[in-house]
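> Next comes input_7.csv, CSV, C-alpha atoms:
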```csv
chain,number,residue,atom,x,y,z
A,5,MET,CA,-47.4,-13.0,-16.3
A,6,ASP,CA,-49.5,-10.2,-17.6
A,7,MET,CA,-48.6,-9.5,-21.2
A,8,LYS,CA,-51.0,-6.6,-21.7
A,9,SER,CA,-48.4,-4.0,-21.0
A,10,GLY,CA,-48.4,-2.7,-24.5
A,11,LYS,CA,-52.1,-2.0,-24.4
A,12,LEU,CA,-52.2,-0.4,-21.0
A,13,ARG,CA,-49.5,2.1,-21.7
A,14,PRO,CA,-50.6,5.7,-21.4
A,15,ASP,CA,-50.6,7.8,-24.6
A,16,ASP,CA,-47.3,9.2,-25.8
A,17,GLN,CA,-48.0,12.7,-24.6
A,18,GLY,CA,-46.0,12.1,-21.5
A,19,THR,CA,-42.8,11.0,-23.3
A,20,VAL,CA,-40.1,13.0,-24.9
A,21,GLN,CA,-40.7,13.3,-28.6
A,22,GLY,CA,-38.5,11.1,-30.7
A,23,SER,CA,-37.8,8.5,-27.9
A,24,PRO,CA,-40.3,5.6,-28.1
A,25,GLU,CA,-41.9,4.4,-24.9
A,26,PRO,CA,-39.8,1.4,-23.7
A,27,LYS,CA,-41.6,-1.9,-23.4
A,28,VAL,CA,-41.4,-3.2,-19.9
A,29,SER,CA,-43.0,-6.4,-18.6
A,30,VAL,CA,-44.5,-7.1,-15.2
A,31,ARG,CA,-41.7,-9.6,-14.5
A,32,GLU,CA,-39.0,-7.0,-15.3
A,33,LEU,CA,-40.7,-4.5,-13.0
A,34,PHE,CA,-40.7,-6.9,-10.2
A,35,TRP,CA,-37.1,-7.9,-10.5
A,36,ALA,CA,-35.9,-4.3,-11.1
A,37,PHE,CA,-37.6,-3.0,-7.9
A,38,LEU,CA,-36.5,-6.1,-6.0
A,39,LEU,CA,-32.9,-5.2,-6.6
A,40,VAL,CA,-33.5,-1.5,-5.7
A,41,GLY,CA,-35.2,-2.6,-2.4
A,42,LEU,CA,-32.0,-4.5,-1.5
A,43,SER,CA,-29.7,-1.6,-2.1
A,44,GLY,CA,-30.8,1.4,-0.1
A,45,PHE,CA,-29.6,2.2,3.4
A,46,GLY,CA,-31.5,5.0,5.0
A,47,GLY,CA,-33.6,5.6,1.9
A,48,VAL,CA,-33.6,4.1,-1.5
A,49,LEU,CA,-34.4,7.2,-3.6
A,50,PRO,CA,-30.9,7.7,-5.2
A,51,PHE,CA,-30.9,4.0,-6.1
A,52,VAL,CA,-34.3,4.2,-7.7
A,53,ARG,CA,-33.2,7.1,-9.8
A,54,HIS,CA,-30.0,5.3,-10.9
A,55,MET,CA,-32.0,2.2,-11.9
A,56,LEU,CA,-34.8,4.0,-13.8
A,57,VAL,CA,-32.8,6.7,-15.5
A,58,ASP,CA,-29.2,5.5,-15.9
A,59,LYS,CA,-29.3,1.7,-15.9
A,60,ARG,CA,-32.6,0.7,-17.5
A,61,ARG,CA,-33.5,4.0,-19.2
A,62,TRP,CA,-37.2,3.5,-18.6
A,63,LEU,CA,-37.6,7.2,-17.7
A,64,THR,CA,-35.6,10.3,-18.9
A,65,SER,CA,-34.1,12.5,-16.2
A,66,ALA,CA,-36.8,15.1,-16.7
A,67,GLU,CA,-39.5,12.5,-16.4
A,68,PHE,CA,-38.0,11.2,-13.2
A,69,THR,CA,-38.0,14.7,-11.7
A,70,GLU,CA,-41.6,15.1,-12.7
A,71,VAL,CA,-42.6,11.7,-11.1
A,72,LEU,CA,-40.6,12.6,-8.0
A,73,GLY,CA,-42.5,15.9,-7.7
A,74,LEU,CA,-45.8,14.0,-8.0
A,75,SER,CA,-44.8,11.4,-5.5
A,76,GLN,CA,-43.8,14.2,-3.0
A,77,LEU,CA,-47.2,15.8,-3.4
A,78,LEU,CA,-49.1,12.6,-2.8
A,79,PRO,CA,-49.4,11.1,0.6
A,80,GLY,CA,-47.4,7.9,1.5
A,81,PRO,CA,-43.7,7.0,1.1
A,82,ASN,CA,-42.2,8.7,-1.9
A,83,VAL,CA,-40.4,5.5,-3.2
A,84,VAL,CA,-43.6,3.5,-2.9
A,85,ASN,CA,-45.4,6.2,-4.9
A,86,ILE,CA,-42.7,6.1,-7.6
A,87,SER,CA,-42.9,2.3,-7.8
A,88,ILE,CA,-46.7,2.6,-8.3
A,89,TYR,CA,-46.3,5.3,-11.0
A,90,VAL,CA,-43.7,3.4,-12.9
A,91,GLY,CA,-45.5,0.0,-12.6
A,92,ALA,CA,-48.8,1.5,-13.6
A,93,ARG,CA,-47.4,3.4,-16.5
A,94,PHE,CA,-45.7,0.4,-18.2
A,95,ALA,CA,-48.0,-2.5,-17.1
A,96,GLY,CA,-51.2,-1.2,-15.5
A,97,ALA,CA,-52.4,-2.5,-12.1
A,98,ALA,CA,-50.5,-5.7,-12.4
A,99,GLY,CA,-47.3,-3.7,-13.0
A,100,ALA,CA,-48.0,-1.4,-10.1
A,101,SER,CA,-48.5,-4.4,-7.8
A,102,ALA,CA,-45.4,-6.2,-9.1
A,103,ALA,CA,-43.2,-3.1,-8.6
A,104,LEU,CA,-44.5,-2.5,-5.1
A,105,LEU,CA,-44.2,-6.1,-4.1
A,106,GLY,CA,-40.6,-6.3,-5.5
A,107,LEU,CA,-39.6,-3.1,-3.6
A,108,MET,CA,-41.0,-4.3,-0.2
A,109,VAL,CA,-40.6,-8.1,0.1
A,110,ILE,CA,-36.9,-8.5,0.9
A,111,PRO,CA,-36.6,-5.4,3.1
A,112,ILE,CA,-39.6,-6.6,5.2
A,113,ALA,CA,-38.1,-10.1,5.6
A,114,ILE,CA,-34.8,-8.6,6.6
A,115,VAL,CA,-36.2,-6.1,9.1
A,116,LEU,CA,-38.4,-8.7,10.7
A,117,CYS,CA,-35.3,-11.0,11.3
A,118,LEU,CA,-33.5,-8.0,12.8
A,119,GLY,CA,-36.6,-7.2,15.0
A,120,ALA,CA,-36.8,-10.8,16.2
A,121,ALA,CA,-33.1,-10.7,17.1
A,122,TYR,CA,-33.6,-7.4,18.9
A,123,THR,CA,-36.4,-8.7,21.0
A,124,ARG,CA,-34.6,-11.9,21.9
A,125,TYR,CA,-31.4,-10.1,23.0
A,126,SER,CA,-32.6,-6.7,24.1
A,127,ASP,CA,-32.6,-7.9,27.8
A,128,LEU,CA,-28.8,-8.3,27.7
A,129,PRO,CA,-27.3,-5.1,29.1
A,130,ALA,CA,-24.6,-4.8,26.4
A,131,VAL,CA,-27.2,-5.1,23.7
A,132,ALA,CA,-29.6,-2.5,25.3
A,133,ASN,CA,-26.6,-0.2,25.8
A,134,ALA,CA,-25.5,-0.6,22.2
A,135,PHE,CA,-29.0,0.3,21.0
A,136,ARG,CA,-29.0,3.4,23.1
A,137,GLY,CA,-26.0,4.6,21.1
A,138,ILE,CA,-27.4,3.5,17.8
A,139,ALA,CA,-30.7,5.2,18.5
A,140,SER,CA,-28.9,8.5,19.2
A,141,ALA,CA,-26.9,8.1,16.0
A,142,ALA,CA,-30.0,7.3,14.0
A,143,ALA,CA,-31.5,10.5,15.4
A,144,GLY,CA,-28.4,12.3,14.1
A,145,LEU,CA,-29.1,10.9,10.6
A,146,VAL,CA,-32.6,12.4,10.6
A,147,VAL,CA,-31.2,15.7,12.0
A,148,ALA,CA,-28.8,15.9,9.1
A,149,MET,CA,-31.6,15.0,6.6
A,150,ALA,CA,-33.8,17.7,8.1
A,151,ILE,CA,-31.0,20.3,7.8
A,152,LYS,CA,-30.3,19.3,4.2
A,153,ILE,CA,-34.0,19.7,3.3
A,154,ALA,CA,-34.5,22.9,5.3
A,155,TRP,CA,-31.4,24.8,4.1
A,156,PRO,CA,-32.6,25.6,0.5
A,157,VAL,CA,-36.2,25.9,1.5
A,158,LEU,CA,-36.2,28.3,4.5
A,159,ARG,CA,-35.1,31.4,2.6
A,160,SER,CA,-38.1,33.6,2.8
A,161,GLY,CA,-40.3,35.0,5.6
A,162,ARG,CA,-43.2,33.0,4.2
A,163,THR,CA,-41.5,29.5,4.3
A,164,ILE,CA,-39.8,30.2,7.7
A,165,THR,CA,-43.1,31.3,9.3
A,166,ILE,CA,-45.0,28.2,8.0
A,167,ALA,CA,-42.3,25.8,9.0
A,168,VAL,CA,-41.9,27.4,12.5
A,169,LEU,CA,-45.7,27.3,13.0
A,170,VAL,CA,-45.8,23.6,12.1
A,171,ILE,CA,-42.9,22.8,14.5
A,172,VAL,CA,-44.5,24.7,17.4
A,173,ALA,CA,-47.9,23.0,16.7
A,174,ILE,CA,-46.4,19.4,16.6
A,175,VAL,CA,-43.5,19.6,19.1
A,176,ILE,CA,-44.6,22.1,21.7
A,177,LEU,CA,-48.4,22.2,21.5
A,178,LYS,CA,-48.7,18.6,20.5
A,179,VAL,CA,-51.5,19.3,18.1
A,180,PRO,CA,-52.5,16.1,16.2
A,181,LEU,CA,-51.0,15.9,12.7
A,182,VAL,CA,-54.4,15.9,11.0
A,183,TRP,CA,-55.4,19.3,12.5
A,184,THR,CA,-52.0,20.8,11.8
A,185,LEU,CA,-52.2,19.8,8.1
A,186,ALA,CA,-55.9,20.8,7.9
A,187,VAL,CA,-55.1,24.4,9.0
A,188,MET,CA,-51.6,24.9,7.7
A,189,ALA,CA,-51.8,23.4,4.2
A,190,PRO,CA,-54.6,25.8,3.1
A,191,VAL,CA,-52.9,28.7,4.8
A,192,SER,CA,-49.6,27.9,3.1
A,193,ILE,CA,-51.1,27.3,-0.4
A,194,VAL,CA,-53.3,30.4,-0.2
A,195,TRP,CA,-50.3,32.5,0.9
A,196,ILE,CA,-48.1,31.4,-2.1
A,197,TRP,CA,-51.1,31.8,-4.5
A,198,TRP,CA,-51.6,35.3,-3.3
A,199,LYS,CA,-47.9,36.1,-3.8
A,200,THR,CA,-47.7,34.5,-7.2
A,201,PRO,CA,-48.4,37.1,-9.9
B,21,MET,CA,-51.2,-7.4,22.6
B,22,SER,CA,-54.1,-9.8,22.7
B,23,ASP,CA,-57.0,-7.4,22.3
B,24,ASN,CA,-58.3,-7.6,18.8
B,25,ASP,CA,-60.1,-4.3,19.0
B,26,SER,CA,-57.0,-2.4,19.7
B,27,LEU,CA,-55.2,-4.2,16.8
B,28,TRP,CA,-57.9,-2.9,14.5
B,29,ALA,CA,-57.7,0.5,16.0
B,30,PHE,CA,-54.0,0.4,15.3
B,31,VAL,CA,-54.5,-0.6,11.7
B,32,PHE,CA,-57.2,2.0,11.2
B,33,HIS,CA,-55.1,4.8,12.7
B,34,LEU,CA,-52.2,3.8,10.4
B,35,SER,CA,-54.3,3.9,7.3
B,36,LEU,CA,-55.4,7.4,8.2
B,37,LEU,CA,-51.7,8.3,8.8
B,38,SER,CA,-51.0,6.8,5.3
B,39,LEU,CA,-53.1,9.7,3.9
B,40,LEU,CA,-51.3,12.3,6.0
B,41,ALA,CA,-47.8,11.2,5.3
B,42,ILE,CA,-47.0,13.9,2.7
B,43,GLY,CA,-43.3,13.8,2.2
B,44,GLY,CA,-42.9,10.2,3.5
B,45,VAL,CA,-42.8,8.3,6.7
B,46,ASN,CA,-40.2,10.5,8.3
B,47,THR,CA,-42.7,13.4,8.5
B,48,ILE,CA,-45.2,11.4,10.7
B,49,LEU,CA,-42.7,10.2,13.4
B,50,PRO,CA,-44.1,12.5,16.1
B,51,GLU,CA,-47.7,11.3,15.4
B,52,LEU,CA,-46.6,7.6,15.4
B,53,HIS,CA,-44.7,8.2,18.6
B,54,ARG,CA,-47.7,9.8,20.2
B,55,PHE,CA,-50.0,6.9,19.1
B,56,VAL,CA,-47.8,3.9,20.1
B,57,VAL,CA,-45.8,5.2,23.1
B,58,LEU,CA,-48.0,7.9,24.7
B,59,ASP,CA,-51.6,7.0,24.0
B,60,HIS,CA,-51.2,3.2,24.2
B,61,PRO,CA,-48.9,1.1,26.3
B,62,TRP,CA,-47.5,-0.7,23.3
B,63,MET,CA,-43.8,0.2,23.6
B,64,THR,CA,-41.4,2.4,25.6
B,65,ASN,CA,-39.5,5.4,24.3
B,66,GLU,CA,-36.4,3.2,24.2
B,67,GLN,CA,-38.1,0.5,22.1
B,68,PHE,CA,-39.5,3.1,19.7
B,69,THR,CA,-36.1,4.7,19.1
B,70,ALA,CA,-34.3,1.3,18.9
B,71,LEU,CA,-36.8,0.1,16.3
B,72,TYR,CA,-36.2,3.3,14.3
B,73,ALA,CA,-32.5,2.6,14.5
B,74,LEU,CA,-33.0,-0.9,13.2
B,75,ALA,CA,-35.1,0.3,10.3
B,76,GLN,CA,-32.3,2.8,9.4
B,77,ALA,CA,-29.7,0.0,9.6
B,78,ALA,CA,-31.6,-2.3,7.3
B,79,PRO,CA,-31.8,-2.0,3.5
B,80,GLY,CA,-35.0,-0.8,1.9
B,81,PRO,CA,-37.4,2.1,2.1
B,82,ASN,CA,-38.0,4.0,5.4
B,83,VAL,CA,-41.5,2.7,5.6
B,84,ILE,CA,-40.3,-0.6,7.0
B,85,PHE,CA,-40.1,1.2,10.3
B,86,VAL,CA,-43.9,0.9,10.4
B,87,THR,CA,-43.5,-2.8,9.7
B,88,LEU,CA,-41.3,-3.1,12.8
B,89,ILE,CA,-43.8,-1.1,14.9
B,90,GLY,CA,-46.6,-3.5,13.8
B,91,TRP,CA,-44.4,-6.4,14.7
B,92,GLN,CA,-43.7,-5.0,18.2
B,93,VAL,CA,-47.4,-4.4,18.7
B,94,ALA,CA,-48.8,-7.7,17.5
B,95,GLY,CA,-46.2,-10.0,16.1
B,96,LEU,CA,-46.1,-11.2,12.5
B,97,ALA,CA,-49.8,-10.4,11.8
B,98,GLY,CA,-49.2,-6.9,13.2
B,99,ALA,CA,-46.2,-6.4,11.0
B,100,LEU,CA,-48.0,-7.4,7.8
B,101,LEU,CA,-51.2,-5.5,8.7
B,102,ALA,CA,-49.2,-2.4,9.6
B,103,THR,CA,-47.4,-2.5,6.3
B,104,LEU,CA,-50.6,-2.9,4.3
B,105,ALA,CA,-52.3,-0.1,6.3
B,106,ILE,CA,-49.5,2.4,5.9
B,107,CYS,CA,-49.0,1.6,2.1
B,108,GLY,CA,-52.6,0.8,1.1
B,109,PRO,CA,-54.6,4.0,1.0
B,110,ALA,CA,-51.6,6.0,-0.3
B,111,THR,CA,-51.0,3.4,-3.0
B,112,VAL,CA,-54.6,3.6,-4.2
B,113,ILE,CA,-54.3,7.4,-4.5
B,114,ALA,CA,-51.0,7.2,-6.2
B,115,TYR,CA,-52.4,4.7,-8.7
B,116,VAL,CA,-55.5,6.9,-9.5
B,117,ALA,CA,-53.3,10.0,-9.8
B,118,THR,CA,-51.0,8.2,-12.2
B,119,ARG,CA,-53.9,7.1,-14.3
B,120,LEU,CA,-55.5,10.6,-14.3
B,121,SER,CA,-52.7,12.5,-15.9
B,122,THR,CA,-49.1,12.3,-17.2
B,123,GLN,CA,-48.6,16.0,-17.4
B,124,TRP,CA,-48.8,17.2,-13.8
B,125,GLN,CA,-45.7,19.3,-13.9
B,126,HIS,CA,-47.3,21.6,-16.5
B,127,LEU,CA,-50.4,22.4,-14.5
B,128,LYS,CA,-50.2,25.7,-12.6
B,129,TRP,CA,-52.2,24.3,-9.6
B,130,PHE,CA,-49.8,21.4,-9.3
B,131,ARG,CA,-46.8,23.7,-9.0
B,132,LEU,CA,-48.8,25.9,-6.6
B,133,LEU,CA,-49.8,23.0,-4.4
B,134,ARG,CA,-46.2,21.7,-4.4
B,135,SER,CA,-44.6,25.0,-3.4
B,136,GLY,CA,-47.3,25.4,-0.8
B,137,LEU,CA,-46.6,22.0,0.8
B,138,ILE,CA,-42.8,22.3,0.8
B,139,PRO,CA,-42.5,24.5,3.9
B,140,LEU,CA,-45.0,22.2,5.7
B,141,THR,CA,-43.0,19.0,5.0
B,142,THR,CA,-39.8,20.9,6.0
B,143,GLY,CA,-41.4,21.8,9.3
B,144,LEU,CA,-42.6,18.2,9.8
B,145,MET,CA,-39.1,16.8,9.1
B,146,ILE,CA,-37.6,19.2,11.7
B,147,ALA,CA,-40.3,18.1,14.2
B,148,SER,CA,-39.4,14.5,13.6
B,149,ALA,CA,-35.7,15.1,14.0
B,150,TRP,CA,-36.5,17.0,17.3
B,151,LEU,CA,-38.7,14.1,18.6
B,152,LEU,CA,-36.1,11.4,17.8
B,153,THR,CA,-33.3,13.3,19.4
B,154,ALA,CA,-35.3,13.9,22.6
B,155,ALA,CA,-36.7,10.3,22.7
B,156,SER,CA,-33.3,8.7,22.3
B,157,ALA,CA,-31.5,10.9,24.8
B,158,GLN,CA,-30.3,9.2,28.0
B,159,ASN,CA,-27.8,11.9,29.0
B,160,VAL,CA,-25.6,14.6,27.7
B,161,LEU,CA,-23.5,12.1,25.8
B,162,SER,CA,-26.6,11.0,23.8
B,163,TYR,CA,-26.9,14.6,22.5
B,164,VAL,CA,-23.2,14.6,21.6
B,165,ILE,CA,-23.6,11.4,19.6
B,166,THR,CA,-26.6,12.8,17.8
B,167,ALA,CA,-24.9,16.1,17.0
B,168,ALA,CA,-21.6,14.4,15.9
B,169,THR,CA,-23.5,12.0,13.6
B,170,ALA,CA,-25.4,14.9,12.0
B,171,LEU,CA,-22.2,16.9,11.6
B,172,VAL,CA,-20.4,14.0,9.9
B,173,MET,CA,-23.3,13.3,7.6
B,174,LEU,CA,-23.4,16.9,6.5
B,175,THR,CA,-19.7,17.3,5.9
B,176,THR,CA,-18.6,13.9,4.5
B,177,ARG,CA,-20.0,11.2,2.1
B,178,ILE,CA,-19.4,8.4,4.6
B,179,ASN,CA,-21.8,5.4,4.6
B,180,PRO,CA,-24.1,6.0,7.6
B,181,LEU,CA,-23.8,2.4,8.6
B,182,TRP,CA,-20.3,3.1,9.9
B,183,LEU,CA,-21.7,5.8,12.2
B,184,LEU,CA,-24.4,3.6,13.5
B,185,ALA,CA,-21.9,0.8,14.2
B,186,LEU,CA,-19.5,3.3,15.9
B,187,ALA,CA,-22.3,4.6,18.2
B,188,GLY,CA,-23.4,1.0,18.9
B,189,GLY,CA,-19.8,0.2,20.0
B,190,ALA,CA,-19.7,3.2,22.2
B,191,GLY,CA,-23.0,2.2,23.8
B,192,ALA,CA,-22.0,-1.4,24.3
B,193,ALA,CA,-18.7,-0.2,25.9
B,194,GLY,CA,-20.9,1.4,28.6
B,195,ILE,CA,-20.1,5.0,27.7
B,196,ILE,CA,-23.7,6.2,27.5
```
Do you think you could lay out the structure here as structure tokens?

Amino acid sequence: MDMKSGKLRPDDQGTVQGSPEPKVSVRELFWAFLLVGLSGFGGVLPFVRHMLVDKRRWLTSAEFTEVLGLSQLLPGPNVVNISIYVGARFAGAAGASAALLGLMVIPIAIVLCLGAAYTRYSDLPAVANAFRGIASAAAGLVVAMAIKIAWPVLRSGRTITIAVLVIVAIVILKVPLVWTLAVMAPVSIVWIWWKTP
Amino acid sequence: MSDNDSLWAFVFHLSLLSLLAIGGVNTILPELHRFVVLDHPWMTNEQFTALYALAQAAPGPNVIFVTLIGWQVAGLAGALLATLAICGPATVIAYVATRLSTQWQHLKWFRLLRSGLIPLTTGLMIASAWLLTAASAQNVLSYVITAATALVMLTTRINPLWLLALAGGAGAAGII
């Protein structure tokens, strides 16, 4: 195991004054994220926060919010980005790899077993019918998530316009995502910059 | 899929998507659907939505849906390559960003960038919800199940696994 974690820690500017940076080993990072990866259904974010802030106290609540903001700004799965940040902060590249591997290894194994079972039995009418129902319910979970996200955000003419334009581009006009983002991201950022005093 | 070229095209496309997935995998569902269902004959609508349902029913981050897509496209090798492709580029960026600064929140441009991107990711989430609802719909009852599930999720704190199981039971009973 990599024991250089003490050396690779970033400077203490990022931590709250008076609380020393906890010492976290590569091994601890792997196991902590392994347990988190096992726990989440339909998203592991709440479990990651509980583990980092409440249980192990590796981050303060304010630090977690900051890391979450960064992970939402960066591309890629949010939880993956958080695992990279936390792993890298406490134990460099080895820590980042350990955290990511811990997070992913068991969910991947489980989902592949489920996938294999689905392929084997999906020809059975009862199984195919069951999956039609499950797929509609899974869509409902995403609808609920979208409403929860949209409710506090879509409160101004600006945010509603941007969101509607994105929806029309993707759903109705079927513009590729890369073009949608290339046009709408600058528009949205310039719009808010222009409005900010 | 036996064609190696299209496997690498698949991996390449996923690594590009990795860089576009601002707000997580749930925002790139329409793009994924277009790529593996409409542009290539890799899976049907029904398989796409069933695999999404499986990923929701399994523990772990949502990104394992992409693992399942890879597995459907090219077996175990496809699953592992797809996972690496969707995580890899984003992971490198996250690592570099982490190393560059620990004080993002205090930078004005960071806040600006984030508030600018929030309405975009919101729109993308709604587009994904729209796509999954339409792709999984067989008849009117499918929409009823989708709407009922969303309503229960918004008004109670029930574990979503119960709702998936209930809908699976209704499907198996031949209602849909």
> Could you work out how far atom CA of Val57 of chain B lies from atom CA of Pro79 of chain B, giving the answer in Å with one decimal?
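We find that atom CA of Pro79 of chain B and atom CA of Val57 of chain B lie 25.1 Å from each other.
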> For a quick check of understanding, using all atoms listed in the file, which of A:Trp62, A:Phe51, A:Trp155, A:Phe135 has the smallest distance to Ile146 of chain B?
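With all atoms listed in the file as the atom set, the closest residue is A:Trp155.
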> Separation of atom CA of Met145 of chain B and atom CA of Ala150 of chain A, in Å?
5.5 Å
> Counting only C-alpha atoms, what is within 7 Å of segment 70-77 of chain B, bar same-chain residues fewer than 2 positions away, as an MDAnalysis selection string?
(chainID A and resid 45:46 115 135 138:139 142) or (chainID B and resid 66:68 79 82 84:85 88 181)
> Restricting it to C-alpha atoms, dump the selection as an mmCIF file, in the frame of the given file.

```
data_model
loop_
_atom_site.group_PDB
_atom_site.id
_atom_site.type_symbol
_atom_site.label_atom_id
_atom_site.label_comp_id
_atom_site.auth_asym_id
_atom_site.auth_seq_id
_atom_site.Cartn_x
_atom_site.Cartn_y
_atom_site.Cartn_z
ATOM 1 C CA PHE A 45 -29.600 2.200 3.400
ATOM 2 C CA GLY A 46 -31.500 5.000 5.000
ATOM 3 C CA VAL A 115 -36.200 -6.100 9.100
ATOM 4 C CA PHE A 135 -29.000 0.300 21.000
ATOM 5 C CA ILE A 138 -27.400 3.500 17.800
ATOM 6 C CA ALA A 139 -30.700 5.200 18.500
ATOM 7 C CA ALA A 142 -30.000 7.300 14.000
ATOM 8 C CA GLU B 66 -36.400 3.200 24.200
ATOM 9 C CA GLN B 67 -38.100 0.500 22.100
ATOM 10 C CA PHE B 68 -39.500 3.100 19.700
ATOM 11 C CA PRO B 79 -31.800 -2.000 3.500
ATOM 12 C CA ASN B 82 -38.000 4.000 5.400
ATOM 13 C CA ILE B 84 -40.300 -0.600 7.000
ATOM 14 C CA PHE B 85 -40.100 1.200 10.300
ATOM 15 C CA LEU B 88 -41.300 -3.100 12.800
ATOM 16 C CA LEU B 181 -23.800 2.400 8.600
#
```
> Just how far from atom CA of Leu144 of chain B is atom CA of Thr47 of chain B, in Å to one decimal?
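Interatomic distance here is 5.0 Å.
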> Counting all atoms listed in the file, find residues at most 9 Å from (-51.5, -7.9, 14.5) (file frame) and give them as a list of chain:residue names.
B:Met21, B:Ser22, B:Asn24, B:Leu27, B:Trp28, B:Phe30, B:Val31, B:Gly90, B:Trp91, B:Val93, B:Ala94, B:Gly95, B:Leu96, B:Ala97, B:Gly98, B:Ala99, B:Leu100, B:Leu101, B:Ala102
> Out of A:Ile196, A:Leu42, A:Leu128, A:Val30, which residue has the shortest atom-to-atom distance to Ala103 of chain A when counting all atoms listed in the file?
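Nearest candidate to Ala103 of chain A out of A:Ile196, A:Leu42, A:Leu128, A:Val30: A:Val30.
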> Could you name the residues that touch Phe32 of chain B at 12 Å or less, counting all atoms listed in the file, but leaving out those on the same chain fewer than 3 positions away, as number ranges by chain?
B: 25-29, 35-39, 55, 101-106, 108-109
> Within 10 Å of Val164 of chain B, counting only C-alpha atoms, which residues qualify if same-chain residues fewer than 6 places away don't, as JSON, numbers by chain?
{"A": [140, 141, 144], "B": [157, 170]}
> Rebuild segment 50-65 of chain B to N, CA and C atoms - output it as a compact mmCIF listing (two decimals), keeping the file's coordinate frame, please.

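Saved to part06.txt:
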```
# COMPACT_ATOMS: atom_id res chain seq x y z
N PRO B 50 -43.54 12.06 14.86
CA PRO B 50 -44.10 12.50 16.10
C PRO B 50 -45.54 11.92 16.34
N GLU B 51 -46.32 11.84 15.26
CA GLU B 51 -47.70 11.30 15.40
C GLU B 51 -47.65 9.80 15.70
N LEU B 52 -46.74 9.06 15.05
CA LEU B 52 -46.60 7.60 15.40
C LEU B 52 -46.18 7.44 16.81
N HIS B 53 -45.23 8.26 17.26
CA HIS B 53 -44.70 8.20 18.60
C HIS B 53 -45.85 8.42 19.62
N ARG B 54 -46.62 9.45 19.36
CA ARG B 54 -47.70 9.80 20.20
C ARG B 54 -48.69 8.56 20.34
N PHE B 55 -48.97 7.95 19.19
CA PHE B 55 -50.00 6.90 19.10
C PHE B 55 -49.48 5.60 19.85
N VAL B 56 -48.25 5.17 19.57
CA VAL B 56 -47.80 3.90 20.10
C VAL B 56 -47.08 3.94 21.43
N VAL B 57 -46.57 5.12 21.80
CA VAL B 57 -45.80 5.20 23.10
C VAL B 57 -46.68 5.98 24.13
N LEU B 58 -47.26 7.12 23.75
CA LEU B 58 -48.00 7.90 24.70
C LEU B 58 -49.41 7.53 24.95
N ASP B 59 -50.14 7.31 23.84
CA ASP B 59 -51.60 7.00 24.00
C ASP B 59 -51.85 5.55 24.32
N HIS B 60 -50.97 4.65 23.89
CA HIS B 60 -51.20 3.20 24.20
C HIS B 60 -49.92 2.64 24.78
N PRO B 61 -50.09 1.62 25.63
CA PRO B 61 -48.90 1.10 26.30
C PRO B 61 -48.22 0.00 25.46
N TRP B 62 -48.00 0.30 24.17
CA TRP B 62 -47.50 -0.70 23.30
C TRP B 62 -45.95 -0.83 23.30
N MET B 63 -45.28 0.29 23.53
CA MET B 63 -43.80 0.20 23.60
C MET B 63 -43.29 1.44 24.37
N THR B 64 -42.04 1.28 24.85
CA THR B 64 -41.40 2.40 25.60
C THR B 64 -40.71 3.32 24.57
N ASN B 65 -40.34 4.49 25.05
CA ASN B 65 -39.50 5.40 24.30
C ASN B 65 -38.29 4.69 23.72
```
